[in-house]
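Here is the structure we will look at.
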Amino acid sequence: MLRRFPMAKTALLALVLAAGCAKIQARDLVREGNELYRDGRFVEAIQKYDEAEKLEPDGVTLFWNRACAAESLVLKMKDPKQAAERKKYADMALRDFQTWYDRLPEKTENDAEQIEQHRLAILDADERCDDLISYWIDKHRENPKEESLYGVVARQYEKCGRDKDADEWFVKRTEDFPDSVRAWHALAIRRFEPLWPDPDSGLPYNAALSPSERRKIADEVIRLLDKATAIDPNFRDAYVWRAMAYTQRALSRAVLENPETPEEKLEAILARKDTLMAWKQQKALCDIEQLPDCPTDKPPEGACCPPRPISEEEEAQDAEMERDLREQLEPGKKKRRKRRRRRR
């Protein structure tokens, strides 16, 4: 039989040899591409990988290498003028990473995780907000009881400039996980954000907001953190942020050096009260972390709890003065109290 088909045998052998030579050439091109990749010459590396694919279209490794080169270009292209070119390389990287994964003879969990991480990085770098939001919403639908995904979805909306949607997810987390300390804490931090000062202003508060607006926000933050510590009294971060909220309340007070009117005197008392409440949060944190009180007669040698801003006697005096001032500012209330005393 072999003698009858010498030409067919020769042709078959030639094909096998040609295929072997093509694979060798393809792998040489991949090595050249790898050298260019290591030198940061990503476009030239991709060209080598393209040539290799023509010679060995059923390969596996070159798709991973080309995907990495294309991804590197995507991550470098920050200029909006490069958006079209960046999209081209993003599409290439996404396609090649998937081809590499699909052609793996044996897939592992680590392989799937690598593909997912690269895909998310590329979508993020190419500013594909809708794709990223859809990705995380799908993840949430697959794992509705995974609380951490609420924060991921919210942050993705925020990153895409959709603040209203982000707010909804912060609130939704507290509704779906009402016993979660971290859900209430995350919402409190979200609410606190407008209070951050402009770094260039040199002020400890956001001057773009009125004192009443800052106080209203601080009150909301405190209310949310109260829910967190009601669930877990030892949740330290709640005390940190609540101290900051009380400090912002104190800073919203218009305190005069020599207050004269009842309104001015009341503002000074309320500022001291807010400062004391901020200290009480610090004190609670000190108790959780078992920190000693700072010495009053020498510099502290380590971490310690700061002293009270006012004494307990001064706190009691302020409480009494506050009651009297509020009565002065509410004449009707004072008259009603006098009538009740007469009836007795």
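Please note that chains go A, B, ... in the order of the structure tokens, that every chain numbers its residues from 1, and that ligands are numbered from 1 in the order shown.
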
Handout entry: Non-local contacts of Asp237 (chain A) (10 Å; only C-alpha atoms; under 4 positions in same chain excluded) as a ChimeraX atom specification
Key = /A:182,185,225,228-229,241-243,285

Problem - Near-Asp91 (chain A) list (10 Å; only C-alpha atoms; drop same-chain fewer than 6 positions) as a list in words - result: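 Contacts, with the query itself left out: Ala67, Ala70, Glu71, Val74, Ile122, Leu123 and Asp126 of chain A.
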
Take the residues that were just selected and, keeping C-alpha atoms, output them as a short mmCIF file (atom, residue, chain, number, x, y, z; two decimals), in the first residue's frame.
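Produced file part-v2.cif, reproduced below:
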data_model
loop_
_atom_site.label_atom_id
_atom_site.label_comp_id
_atom_site.auth_asym_id
_atom_site.auth_seq_id
_atom_site.Cartn_x
_atom_site.Cartn_y
_atom_site.Cartn_z
CA ALA A 67 -3.80 40.44 26.38
CA ALA A 70 -2.90 45.37 25.35
CA GLU A 71 -3.96 45.83 28.98
CA VAL A 74 -5.06 50.62 28.23
CA ILE A 122 -9.63 46.88 31.96
CA LEU A 123 -13.28 47.95 32.25
CA ASP A 126 -11.54 52.20 29.89
#

Problem - 10 Å contact set for Ala303 (chain A), only C-alpha atoms, chain neighbours under 4 positions out, as a list of chain:residue names - result: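 Surrounding residues, per the criterion: A:Cys286, A:Leu291, A:Pro292, A:Asp293, A:Cys294.
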
Practice task
List every residue of region 53-245 of chain A that DSSP, applied to the backbone, labels as helix (DSSP H, G or I), and write the result as a count of residues only.
Solution key: 146

Could you list, as a PDB file with N, CA and C atoms, in the first residue's frame, every residue within 12 Å of Arg128 (chain A), counting only C-alpha atoms and ignoring same-chain residues fewer than 4 positions away?
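Written out: selection.pdb:
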ATOM      1  N   ALA A  83      -9.252  58.012  23.794  1.00  0.00           N
ATOM      2  CA  ALA A  83     -10.369  57.125  24.137  1.00  0.00           C
ATOM      3  C   ALA A  83     -10.630  56.062  23.069  1.00  0.00           C
ATOM      4  N   ARG A  86      -7.747  53.593  23.036  1.00  0.00           N
ATOM      5  CA  ARG A  86      -7.802  52.811  24.279  1.00  0.00           C
ATOM      6  C   ARG A  86      -8.880  51.744  24.195  1.00  0.00           C
ATOM      7  N   LYS A  87     -10.033  52.096  23.627  1.00  0.00           N
ATOM      8  CA  LYS A  87     -11.118  51.127  23.483  1.00  0.00           C
ATOM      9  C   LYS A  87     -10.685  49.955  22.597  1.00  0.00           C
ATOM     10  N   ALA A  90      -8.546  47.797  24.662  1.00  0.00           N
ATOM     11  CA  ALA A  90      -9.359  47.179  25.724  1.00  0.00           C
ATOM     12  C   ALA A  90     -10.138  45.992  25.164  1.00  0.00           C
ATOM     13  N   ASP A  91     -10.731  46.174  23.989  1.00  0.00           N
ATOM     14  CA  ASP A  91     -11.459  45.071  23.341  1.00  0.00           C
ATOM     15  C   ASP A  91     -10.521  43.895  23.059  1.00  0.00           C
ATOM     16  N   ARG A 119     -10.234  41.568  33.869  1.00  0.00           N
ATOM     17  CA  ARG A 119     -11.403  42.131  33.188  1.00  0.00           C
ATOM     18  C   ARG A 119     -11.884  43.395  33.894  1.00  0.00           C
ATOM     19  N   LEU A 120     -11.971  43.335  35.215  1.00  0.00           N
ATOM     20  CA  LEU A 120     -12.431  44.502  35.972  1.00  0.00           C
ATOM     21  C   LEU A 120     -11.463  45.672  35.843  1.00  0.00           C
ATOM     22  N   ALA A 121     -10.169  45.378  35.852  1.00  0.00           N
ATOM     23  CA  ALA A 121      -9.164  46.437  35.716  1.00  0.00           C
ATOM     24  C   ALA A 121      -9.279  47.124  34.354  1.00  0.00           C
ATOM     25  N   ILE A 122      -9.507  46.329  33.320  1.00  0.00           N
ATOM     26  CA  ILE A 122      -9.629  46.882  31.960  1.00  0.00           C
ATOM     27  C   ILE A 122     -10.901  47.715  31.823  1.00  0.00           C
ATOM     28  N   LEU A 123     -12.009  47.201  32.321  1.00  0.00           N
ATOM     29  CA  LEU A 123     -13.276  47.946  32.248  1.00  0.00           C
ATOM     30  C   LEU A 123     -13.168  49.259  33.008  1.00  0.00           C
ATOM     31  N   ASP A 124     -12.492  49.210  34.143  1.00  0.00           N
ATOM     32  CA  ASP A 124     -12.327  50.417  34.942  1.00  0.00           C
ATOM     33  C   ASP A 124     -11.447  51.432  34.229  1.00  0.00           C
ATOM     34  N   LEU A 132     -19.422  47.896  34.261  1.00  0.00           N
ATOM     35  CA  LEU A 132     -19.012  47.595  35.635  1.00  0.00           C
ATOM     36  C   LEU A 132     -20.221  47.526  36.563  1.00  0.00           C
ATOM     37  N   ILE A 133     -21.137  48.467  36.413  1.00  0.00           N
ATOM     38  CA  ILE A 133     -22.342  48.448  37.248  1.00  0.00           C
ATOM     39  C   ILE A 133     -23.142  47.177  36.993  1.00  0.00           C
ATOM     40  N   SER A 134     -23.299  46.814  35.730  1.00  0.00           N
ATOM     41  CA  SER A 134     -24.032  45.588  35.388  1.00  0.00           C
ATOM     42  C   SER A 134     -23.351  44.369  35.984  1.00  0.00           C
ATOM     43  N   TYR A 135     -22.017  44.369  35.928  1.00  0.00           N
ATOM     44  CA  TYR A 135     -21.251  43.243  36.465  1.00  0.00           C
ATOM     45  C   TYR A 135     -21.543  43.066  37.954  1.00  0.00           C
ATOM     46  N   GLN A 156     -19.250  51.803  43.154  1.00  0.00           N
ATOM     47  CA  GLN A 156     -19.166  51.831  41.699  1.00  0.00           C
ATOM     48  C   GLN A 156     -20.081  52.915  41.136  1.00  0.00           C
ATOM     49  N   TYR A 157     -21.277  53.016  41.670  1.00  0.00           N
ATOM     50  CA  TYR A 157     -22.176  54.097  41.255  1.00  0.00           C
ATOM     51  C   TYR A 157     -21.535  55.457  41.531  1.00  0.00           C
ATOM     52  N   LYS A 159     -18.355  56.178  41.779  1.00  0.00           N
ATOM     53  CA  LYS A 159     -17.231  56.384  40.867  1.00  0.00           C
ATOM     54  C   LYS A 159     -17.718  56.794  39.483  1.00  0.00           C
ATOM     55  N   CYS A 160     -18.895  56.335  39.114  1.00  0.00           N
ATOM     56  CA  CYS A 160     -19.465  56.672  37.808  1.00  0.00           C
ATOM     57  C   CYS A 160     -20.237  57.992  37.836  1.00  0.00           C
TER      58      CYS A 160
END

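Distances to Lys54 (chain A) were evaluated for A:Leu251, A:Ile288, A:Leu29, A:Ala208 using only C-alpha atoms, and the minimum falls at A:Leu29.
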
Handout entry: Atom pair CA of Glu158 (chain A) / CA of Lys172 (chain A): separation (Å)
Key =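 Between these atoms lies a distance of 14.9 Å.
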
Practice task
Using only C-alpha atoms, determine which residues lie at most 10 Å from Ile310 (chain A), disregarding the query and same-chain residues fewer than 4 positions distant; provide the list as an NGL selection string.
Solution key: :A and (272-273 or 275-276 or 279 or 314-315 or 318)
